[in-house]
file query-v4.csv (CSV, C-alpha atoms and all ligand atoms)
chain,number,residue,atom,x,y,z
A,1,MET,CA,75.2,87.7,66.3
A,2,GLU,CA,75.0,84.9,63.8
A,3,GLU,CA,71.6,83.9,65.1
A,4,THR,CA,70.1,87.2,64.4
A,5,PRO,CA,67.5,86.8,61.7
A,6,LYS,CA,68.3,88.6,58.5
A,7,GLN,CA,67.0,92.2,58.5
A,8,HIS,CA,65.4,93.7,55.5
A,9,TYR,CA,66.6,97.2,54.9
A,10,SER,CA,65.7,99.5,52.1
A,11,GLU,CA,68.6,101.4,50.5
A,12,LYS,CA,67.5,104.5,52.5
A,13,GLU,CA,67.5,102.5,55.8
A,14,LYS,CA,70.9,101.0,55.1
A,15,ASN,CA,72.3,104.5,54.7
A,16,GLU,CA,70.6,105.6,57.9
A,17,VAL,CA,72.0,102.7,59.9
A,18,PHE,CA,75.4,103.2,58.3
A,19,HIS,CA,75.6,106.9,59.0
A,20,GLY,CA,73.7,107.0,62.2
A,21,GLU,CA,74.9,103.9,64.0
A,22,PHE,CA,78.2,102.8,62.4
A,23,LEU,CA,80.1,106.0,61.5
A,24,PRO,CA,79.8,107.6,64.9
A,25,HIS,CA,82.2,104.9,66.2
A,26,ILE,CA,84.9,105.5,63.7
A,27,SER,CA,87.4,107.2,66.0
A,28,SER,CA,87.1,104.3,68.6
A,29,MET,CA,87.6,101.9,65.7
A,30,TYR,CA,90.6,103.8,64.4
A,31,ASN,CA,92.1,103.8,67.8
A,32,PHE,CA,91.4,100.1,68.3
A,33,GLY,CA,93.0,99.4,64.8
A,34,TYR,CA,96.0,101.4,65.7
A,35,ARG,CA,96.5,99.7,69.1
A,36,LEU,CA,96.3,96.3,67.4
A,37,THR,CA,98.6,96.9,64.5
A,38,LEU,CA,100.7,99.7,66.0
A,39,ASP,CA,100.8,101.3,62.6
A,40,ARG,CA,98.6,104.2,61.5
A,41,ASP,CA,98.4,103.2,57.8
A,42,ASP,CA,97.5,99.6,58.7
A,43,ALA,CA,94.9,100.9,61.1
A,44,LYS,CA,93.3,102.9,58.3
A,45,ASP,CA,93.2,99.9,56.0
A,46,LEU,CA,91.7,97.7,58.8
A,47,VAL,CA,89.0,100.3,59.6
A,48,GLN,CA,88.1,100.8,56.0
A,49,ASP,CA,87.9,97.1,55.4
A,50,THR,CA,85.7,96.8,58.5
A,51,TYR,CA,83.3,99.4,57.4
A,52,LEU,CA,83.0,97.9,53.9
A,53,LYS,CA,82.3,94.5,55.5
A,54,ALA,CA,79.8,96.0,57.9
A,55,TYR,CA,77.9,97.6,55.0
A,56,ARG,CA,78.0,94.4,52.9
A,57,PHE,CA,76.7,92.4,55.8
A,58,ILE,CA,74.3,95.0,57.2
A,59,ALA,CA,71.4,92.6,56.9
A,60,SER,CA,73.0,90.7,59.8
A,61,PHE,CA,72.8,93.7,62.0
A,62,GLN,CA,69.7,94.4,64.0
A,63,LYS,CA,68.9,98.1,64.1
A,64,GLY,CA,69.2,99.6,67.6
A,65,THR,CA,71.4,96.8,69.0
A,66,ASN,CA,75.0,97.2,70.0
A,67,ALA,CA,76.5,98.5,66.8
A,68,LYS,CA,79.8,99.3,68.5
A,69,ALA,CA,80.3,95.7,69.8
A,70,TRP,CA,79.3,94.4,66.3
A,71,LEU,CA,81.9,96.6,64.6
A,72,PHE,CA,84.6,95.8,67.1
A,73,ARG,CA,84.0,92.1,66.5
A,74,ILE,CA,84.3,92.5,62.7
A,75,LEU,CA,87.5,94.5,63.1
A,76,LYS,CA,89.0,92.0,65.5
A,77,ASN,CA,88.2,89.2,63.1
A,78,SER,CA,89.7,91.0,60.1
A,79,PHE,CA,92.8,91.6,62.2
A,80,ILE,CA,93.2,88.0,63.0
A,81,ASN,CA,92.2,86.6,59.6
A,82,ASP,CA,93.7,89.1,57.2
A,83,TYR,CA,96.3,91.1,59.0
A,84,ARG,CA,97.9,88.8,61.4
A,85,LYS,CA,98.7,86.2,58.8
A,86,LYS,CA,100.7,88.7,56.8
A,87,THR,CA,102.8,89.8,59.7
A,88,LYS,CA,105.3,88.3,62.0
A,89,GLU,CA,103.2,89.1,65.0
A,90,PRO,CA,104.0,86.2,67.4
A,91,SER,CA,101.2,83.7,67.8
A,92,LYS,CA,98.9,83.5,70.8
A,93,VAL,CA,100.1,83.3,74.3
A,94,ASP,CA,99.7,80.0,76.0
A,95,TYR,CA,96.2,80.4,77.5
A,96,GLN,CA,96.4,77.1,79.2
A,97,GLU,CA,99.1,78.6,81.3
A,98,VAL,CA,97.0,81.7,81.9
A,99,GLU,CA,94.0,79.7,83.1
A,100,THR,CA,96.3,77.8,85.4
A,101,TYR,CA,97.8,80.9,86.7
A,102,TYR,CA,94.4,82.4,87.5
A,103,ASN,CA,93.1,79.3,89.2
A,104,SER,CA,96.2,78.6,91.3
A,105,GLU,CA,97.1,79.9,94.7
A,106,GLU,CA,99.1,82.6,93.0
A,107,PHE,CA,95.8,84.3,92.5
A,108,ASP,CA,95.0,84.4,96.2
A,109,ARG,CA,98.3,85.9,97.0
A,110,GLN,CA,97.6,89.6,97.1
A,111,ILE,CA,100.1,91.2,94.7
A,112,THR,CA,100.9,94.6,96.1
A,113,PRO,CA,103.4,96.1,93.7
A,114,ASP,CA,105.8,98.7,94.9
A,115,LEU,CA,104.6,101.1,92.3
A,116,ARG,CA,103.2,104.3,93.8
A,117,VAL,CA,100.5,106.6,92.5
A,118,GLU,CA,102.9,109.5,92.9
A,119,SER,CA,105.4,108.0,90.4
A,120,LEU,CA,102.6,107.5,87.9
A,121,LYS,CA,101.8,111.2,88.0
A,122,ASP,CA,105.3,111.9,86.6
A,123,MET,CA,104.8,109.8,83.6
A,124,ILE,CA,103.7,112.6,81.4
A,125,GLY,CA,105.2,111.4,78.2
A,126,ASP,CA,104.5,108.3,76.2
A,127,GLU,CA,105.3,105.9,79.0
A,128,ILE,CA,101.7,104.7,79.6
A,129,SER,CA,101.0,104.3,75.9
A,130,ASN,CA,104.3,102.5,75.3
A,131,ALA,CA,103.7,100.2,78.2
A,132,LEU,CA,100.3,99.3,76.8
A,133,ASN,CA,101.8,98.8,73.3
A,134,SER,CA,104.5,96.5,74.6
A,135,LEU,CA,102.0,94.0,75.9
A,136,ASP,CA,101.2,90.9,73.8
A,137,VAL,CA,98.4,91.8,71.5
A,138,ASP,CA,95.9,89.6,73.2
A,139,PHE,CA,96.5,91.3,76.6
A,140,ARG,CA,96.6,94.7,74.9
A,141,THR,CA,93.2,94.0,73.4
A,142,VAL,CA,91.3,93.3,76.7
A,143,ILE,CA,92.7,96.4,78.3
A,144,ILE,CA,91.6,98.5,75.3
A,145,LEU,CA,88.1,96.9,75.3
A,146,CYS,CA,87.6,97.3,79.1
A,147,ASP,CA,89.5,100.4,80.1
A,148,LEU,CA,89.3,102.5,77.0
A,149,GLU,CA,86.0,101.5,75.5
A,150,GLY,CA,84.1,100.4,78.6
A,151,PHE,CA,82.8,97.1,77.3
A,152,LYS,CA,81.3,94.6,79.8
A,153,TYR,CA,82.5,91.0,80.2
A,154,GLU,CA,79.6,89.7,78.2
A,155,GLU,CA,80.3,92.1,75.3
A,156,MET,CA,84.0,91.3,75.4
A,157,ALA,CA,83.3,87.6,75.3
A,158,LYS,CA,81.2,88.1,72.2
A,159,ILE,CA,83.7,90.3,70.5
A,160,LEU,CA,86.6,88.0,71.2
A,161,ASP,CA,84.7,84.6,70.9
A,162,ILE,CA,86.0,83.4,74.3
A,163,PRO,CA,84.2,82.5,77.5
A,164,ILE,CA,83.6,85.1,80.2
A,165,GLY,CA,86.0,83.2,82.5
A,166,THR,CA,88.8,83.7,80.0
A,167,VAL,CA,87.9,87.4,79.6
A,168,ARG,CA,88.3,87.8,83.4
A,169,SER,CA,91.6,85.8,83.7
A,170,ARG,CA,93.1,87.6,80.6
A,171,LEU,CA,92.2,91.0,82.1
A,172,HIS,CA,93.6,90.1,85.4
A,173,ARG,CA,96.9,89.0,83.8
A,174,ALA,CA,97.0,92.0,81.5
A,175,ARG,CA,96.6,94.4,84.4
A,176,ASN,CA,99.5,92.7,86.3
A,177,LEU,CA,101.7,92.8,83.2
A,178,LEU,CA,100.9,96.5,82.6
A,179,LYS,CA,101.8,97.2,86.2
A,180,GLU,CA,105.1,95.4,85.9
A,181,LYS,CA,106.0,97.5,82.8
A,182,LEU,CA,105.1,100.7,84.7
A,183,THR,CA,107.1,99.7,87.7
A,184,HIS,CA,110.0,99.1,85.4
A,185,TYR,CA,109.6,102.6,83.8
A,186,ALA,CA,109.3,104.2,87.2
A,187,LYS,CA,112.5,102.5,88.3
A,188,SER,CA,114.3,103.6,85.1
A,189,MET,CA,113.1,107.1,85.6
A,190,GLY,CA,115.1,107.0,88.8
A,191,TYR,CA,112.7,106.7,91.6
A,192,LYS,CA,114.4,105.3,94.6
A,193,ASN,CA,111.2,104.6,96.2
A,194,VAL,CA,108.8,103.4,93.5
B,195,MET,CA,68.7,89.2,102.6
B,196,THR,CA,69.9,91.0,105.7
B,197,PRO,CA,71.3,94.5,105.2
B,198,SER,CA,74.8,93.4,106.2
B,199,SER,CA,75.0,90.5,103.8
B,200,ASN,CA,77.9,90.5,101.4
B,201,PRO,CA,76.7,91.3,97.9
B,202,PHE,CA,79.8,89.7,96.4
B,203,ILE,CA,78.7,86.2,97.6
B,204,LEU,CA,78.5,83.9,94.6
B,205,ALA,CA,75.6,81.7,93.6
B,206,ASP,CA,77.4,78.7,95.2
B,207,GLY,CA,77.7,80.5,98.5
B,208,ARG,CA,81.4,81.1,98.2
B,209,LYS,CA,82.7,84.4,99.4
B,210,PRO,CA,85.2,85.9,96.8
B,211,ASN,CA,88.6,87.0,98.1
B,212,CYS,CA,89.9,90.6,98.1
B,213,MET,CA,91.4,90.3,94.7
B,214,GLU,CA,88.3,88.9,93.1
B,215,MET,CA,86.2,91.7,94.5
B,216,LEU,CA,88.8,94.3,93.4
B,217,GLN,CA,88.7,92.9,89.9
B,218,LEU,CA,85.0,93.3,89.5
B,219,ILE,CA,85.3,96.9,90.7
B,220,LEU,CA,88.2,97.6,88.3
B,221,ASP,CA,86.5,95.9,85.3
B,222,GLY,CA,83.4,98.0,85.8
B,223,GLU,CA,81.3,94.9,86.6
B,224,ALA,CA,80.3,95.6,90.2
B,225,SER,CA,76.8,96.5,91.1
B,226,ALA,CA,76.0,99.7,93.1
B,227,LYS,CA,75.6,97.5,96.2
B,228,GLN,CA,78.9,95.8,95.6
B,229,GLN,CA,80.6,99.1,95.2
B,230,ASP,CA,79.2,100.4,98.4
B,231,TYR,CA,80.3,97.2,100.2
B,232,PHE,CA,83.8,97.5,98.8
B,233,LYS,CA,84.1,101.1,99.9
B,234,SER,CA,83.5,100.2,103.5
B,235,HIS,CA,85.6,97.1,103.1
B,236,MET,CA,88.6,99.3,102.2
B,237,ASP,CA,88.3,101.1,105.5
B,238,THR,CA,89.5,98.0,107.2
B,239,CYS,CA,91.6,96.4,104.5
B,240,MET,CA,94.8,98.2,103.7
B,241,PRO,CA,96.0,96.0,100.8
B,242,CYS,CA,92.6,96.6,99.0
B,243,PHE,CA,92.8,100.4,99.8
B,244,LYS,CA,96.3,100.6,98.3
B,245,SER,CA,95.7,98.4,95.3
B,246,PHE,CA,92.4,100.1,94.5
B,247,HIS,CA,93.9,103.6,94.3
B,248,LEU,CA,96.9,102.4,92.3
B,249,ASP,CA,94.8,100.3,89.9
B,250,MET,CA,92.2,103.0,89.4
B,251,SER,CA,94.9,105.6,88.7
B,252,ILE,CA,96.4,103.3,86.0
B,253,LYS,CA,93.0,102.7,84.5
B,254,GLU,CA,92.4,106.4,84.3
B,255,LEU,CA,95.8,107.1,82.9
B,256,VAL,CA,95.4,104.5,80.2
B,257,LYS,CA,92.1,106.0,79.3
B,258,THR,CA,93.4,109.5,79.0
B,259,ARG,CA,96.7,108.7,77.4
B,260,CYS,CA,95.8,106.0,74.9
B,261,CYS,CA,92.5,107.4,73.5
B,262,GLY,CA,91.3,110.5,71.9
B,263,ASP,CA,92.8,110.2,68.5
B,264,GLN,CA,90.3,111.3,66.0
B,265,ALA,CA,90.0,109.2,62.9
B,266,PRO,CA,91.6,111.1,60.0
B,267,GLN,CA,89.0,112.9,57.9
B,268,SER,CA,90.5,111.4,54.7
B,269,LEU,CA,89.6,108.0,56.1
B,270,VAL,CA,86.0,109.0,56.8
B,271,ASP,CA,85.7,110.5,53.3
B,272,GLN,CA,87.2,107.5,51.6
B,273,ILE,CA,84.8,105.1,53.3
B,274,LYS,CA,81.8,107.3,52.5
B,275,MET,CA,82.9,107.5,48.9
B,276,GLN,CA,83.3,103.7,48.6
B,277,ILE,CA,79.9,103.1,50.1
B,278,SER,CA,78.2,105.6,47.8
B,279,GLN,CA,80.0,104.1,44.7
B,280,ASN,CA,78.9,100.6,45.6
B,281,ASN,CA,75.4,101.8,45.9
B,282,PRO,CA,74.4,104.3,43.3
B,283,SER,CA,71.0,105.5,44.4
C,301,ZN,ZN,90.5,93.5,101.0

call {"tool": "encode", "arguments": {"input": "query-v4.csv", "output": "structure tokens", "more": "lines below"}}
Ligand SMILES: [Zn+2]
result
Amino acid sequence: MEETPKQHYSEKEKNEVFHGEFLPHISSMYNFGYRLTLDRDDAKDLVQDTYLKAYRFIASFQKGTNAKAWLFRILKNSFINDYRKKTKEPSKVDYQEVETYYNSEEFDRQITPDLRVESLKDMIGDEISNALNSLDVDFRTVIILCDLEGFKYEEMAKILDIPIGTVRSRLHRARNLLKEKLTHYAKSMGYKNV
Amino acid sequence: MTPSSNPFILADGRKPNCMEMLQLILDGEASAKQQDYFKSHMDTCMPCFKSFHLDMSIKELVKTRCCGDQAPQSLVDQIKMQISQNNPS
């Protein structure tokens, strides 16, 4: 993204890119902002800030390339640099530990949780959303990018500034944590046979 | 390549285990060939069959329950206004 040569846009072209390629992603951006901050007002601020930055740095954006990934990256950076500093959000999980986990024999052990598809079907309220929100923000983020927004490993690596191997291990761990939460919900909902 | 060769085999010749294959499928990174291979693999591998259905159900649920919020119109208007103010044309 940094290596992209500066583009020369006329005012008219800038507006075309902004309205045609940036604004269509605003609902995805808003949802991402909300899932990161867990606050609708903060999400609005973050999205607004992101769009103003995107416009200011539009010369770094190459027309017709992946605008969505570019915008997500700006939002993620704003979240880390501007928002996270102001809040008490706990700092990053120990990724060393995560890598070790992934590379250990633990990974080869097939984890077949007791959770059943049938008990998921009864989670018709906010259980799924709450389970996602309860994950550490870094784990939440990879689930959002992959499952909600359909980004590929390579795109996620660029958005998050981490190697693809870390994307994979983080996703793997995030899915397991989410499953644990859901199993817990299923049990508390009174399934004898989750 | 023989028709029966495993499309999951890595560049270094190592054959990924069940969980690694499943993850590529879940993460949307598997090629069409890999998906086909995994489908027939599930016929003979019960843990993969069970995990696949559970994990895909969770993925689908996350997608339907945690998405779909439209950005508020006030936010869209605010952004448009700020852009046009910064750039009187
Ligand atoms: Zn298997």

call {"tool": "residues_around", "arguments": {"input": "query-v4.csv", "residues": "range 234-240 of chain B", "least_positions_apart": "2", "cutoff": "12 Å", "atoms": "all atoms listed in the file", "output": "list in words"}}
result
Gln110 and Thr112 of chain A; Ser198, Asn200, Pro201, Phe202, Asn211, Cys212, Met213, Met215, Leu216, Lys227, Gln228, Gln229, Asp230, Tyr231, Phe232, Cys242, Phe243, Lys244, Ser245, Phe246 and His247 of chain B

call {"tool": "residues_around", "arguments": {"input": "query-v4.csv", "residues": "Phe57 in chain A", "least_positions_apart": "5", "cutoff": "10 Å", "atoms": "only C-alpha atoms", "output": "PyMOL selection string"}}
result
chain A and resi 6+51-52

call {"tool": "atom_distance", "arguments": {"input": "query-v4.csv", "atom1": "CA of Gln7 in chain A", "atom2": "CA of Ala157 in chain A"}}
result
23.9 Å

call {"tool": "closest_residue", "arguments": {"input": "query-v4.csv", "among": "B:Ala205, B:Gln264, B:Leu220, B:Ser199", "to": "chain A", "atoms": "only C-alpha atoms"}}
result
B:Gln264

call {"tool": "interface_residues", "arguments": {"input": "query-v4.csv", "of": "chain B", "to": "chain A", "cutoff": "8 Å", "atoms": "all atoms listed in the file", "output": "PyMOL selection string"}}
result
chain B and resi 211-213+217+221-223+241+244-245+247-248+251-257+259-265+269-270+273+276-277+283

call {"tool": "atom_distance", "arguments": {"input": "query-v4.csv", "atom1": "CA of Ser78 in chain A", "atom2": "CA of Leu46 in chain A"}}
result
7.1 Å

call {"tool": "closest_residue", "arguments": {"input": "query-v4.csv", "among": "A:Lys158, A:Lys63, A:Lys187, A:Arg84", "to": "Asp122 in chain A", "atoms": "all atoms listed in the file"}}
result
A:Lys187

call {"tool": "residues_around", "arguments": {"input": "query-v4.csv", "residues": "Glu155 in chain A", "least_positions_apart": "5", "cutoff": "10 Å", "atoms": "all atoms listed in the file", "output": "PDB file with C-alpha atoms, in the coordinates of the input"}}
result
ATOM      1  CA  ASN A  66      75.000  97.200  70.000  1.00  0.00           C
ATOM      2  CA  LYS A  68      79.800  99.300  68.500  1.00  0.00           C
ATOM      3  CA  ALA A  69      80.300  95.700  69.800  1.00  0.00           C
ATOM      4  CA  TRP A  70      79.300  94.400  66.300  1.00  0.00           C
ATOM      5  CA  PHE A  72      84.600  95.800  67.100  1.00  0.00           C
ATOM      6  CA  ARG A  73      84.000  92.100  66.500  1.00  0.00           C
ATOM      7  CA  LEU A 145      88.100  96.900  75.300  1.00  0.00           C
ATOM      8  CA  CYS A 146      87.600  97.300  79.100  1.00  0.00           C
ATOM      9  CA  GLY A 150      84.100 100.400  78.600  1.00  0.00           C
ATOM     10  CA  LEU A 160      86.600  88.000  71.200  1.00  0.00           C
ATOM     11  CA  ASP A 161      84.700  84.600  70.900  1.00  0.00           C
ATOM     12  CA  ILE A 164      83.600  85.100  80.200  1.00  0.00           C
ATOM     13  CA  VAL A 167      87.900  87.400  79.600  1.00  0.00           C
TER      14      VAL A 167
END

call {"tool": "closest_residue", "arguments": {"input": "query-v4.csv", "among": "A:Leu71, A:Leu36, A:Ala174, A:Ser119", "to": "Tyr83 in chain A", "atoms": "all atoms listed in the file"}}
result
A:Leu36

call {"tool": "atom_distance", "arguments": {"input": "query-v4.csv", "atom1": "CA of Gly165 in chain A", "atom2": "CA of Ala226 in chain B"}}
result
22.0 Å

call {"tool": "decode", "arguments": {"input": "query-v4.csv", "residues": "range 199-210 of chain B", "atoms": "N, CA and C atoms", "output": "PDB file, in the first residue's frame"}}
result
ATOM      1  N   SER B 199      -4.348 -37.656  -6.658  1.00  0.00           N
ATOM      2  CA  SER B 199      -3.406 -37.014  -5.758  1.00  0.00           C
ATOM      3  C   SER B 199      -4.115 -35.995  -4.867  1.00  0.00           C
ATOM      4  N   ASN B 200      -3.616 -35.848  -3.674  1.00  0.00           N
ATOM      5  CA  ASN B 200      -4.220 -34.975  -2.674  1.00  0.00           C
ATOM      6  C   ASN B 200      -3.871 -33.514  -2.955  1.00  0.00           C
ATOM      7  N   PRO B 201      -4.867 -32.693  -3.296  1.00  0.00           N
ATOM      8  CA  PRO B 201      -4.561 -31.301  -3.639  1.00  0.00           C
ATOM      9  C   PRO B 201      -4.155 -30.459  -2.436  1.00  0.00           C
ATOM     10  N   PHE B 202      -4.183 -31.039  -1.245  1.00  0.00           N
ATOM     11  CA  PHE B 202      -3.770 -30.291  -0.054  1.00  0.00           C
ATOM     12  C   PHE B 202      -2.271 -30.415   0.204  1.00  0.00           C
ATOM     13  N   ILE B 203      -1.601 -31.341  -0.529  1.00  0.00           N
ATOM     14  CA  ILE B 203      -0.182 -31.561  -0.265  1.00  0.00           C
ATOM     15  C   ILE B 203       0.608 -30.278  -0.487  1.00  0.00           C
ATOM     16  N   LEU B 204       1.434 -29.944   0.501  1.00  0.00           N
ATOM     17  CA  LEU B 204       2.157 -28.682   0.493  1.00  0.00           C
ATOM     18  C   LEU B 204       3.374 -28.740  -0.415  1.00  0.00           C
ATOM     19  N   ALA B 205       3.932 -27.580  -0.659  1.00  0.00           N
ATOM     20  CA  ALA B 205       5.090 -27.479  -1.545  1.00  0.00           C
ATOM     21  C   ALA B 205       6.234 -28.370  -1.068  1.00  0.00           C
ATOM     22  N   ASP B 206       6.362 -28.531   0.242  1.00  0.00           N
ATOM     23  CA  ASP B 206       7.455 -29.350   0.767  1.00  0.00           C
ATOM     24  C   ASP B 206       7.102 -30.835   0.793  1.00  0.00           C
ATOM     25  N   GLY B 207       5.936 -31.196   0.238  1.00  0.00           N
ATOM     26  CA  GLY B 207       5.569 -32.600   0.146  1.00  0.00           C
ATOM     27  C   GLY B 207       4.826 -33.140   1.365  1.00  0.00           C
ATOM     28  N   ARG B 208       4.668 -32.287   2.387  1.00  0.00           N
ATOM     29  CA  ARG B 208       3.994 -32.748   3.591  1.00  0.00           C
ATOM     30  C   ARG B 208       2.475 -32.748   3.378  1.00  0.00           C
ATOM     31  N   LYS B 209       1.837 -33.758   3.944  1.00  0.00           N
ATOM     32  CA  LYS B 209       0.384 -33.861   3.823  1.00  0.00           C
ATOM     33  C   LYS B 209      -0.247 -33.221   5.055  1.00  0.00           C
ATOM     34  N   PRO B 210      -1.062 -32.192   4.880  1.00  0.00           N
ATOM     35  CA  PRO B 210      -1.662 -31.534   6.045  1.00  0.00           C
ATOM     36  C   PRO B 210      -2.609 -32.482   6.786  1.00  0.00           C
TER      37      PRO B 210
END
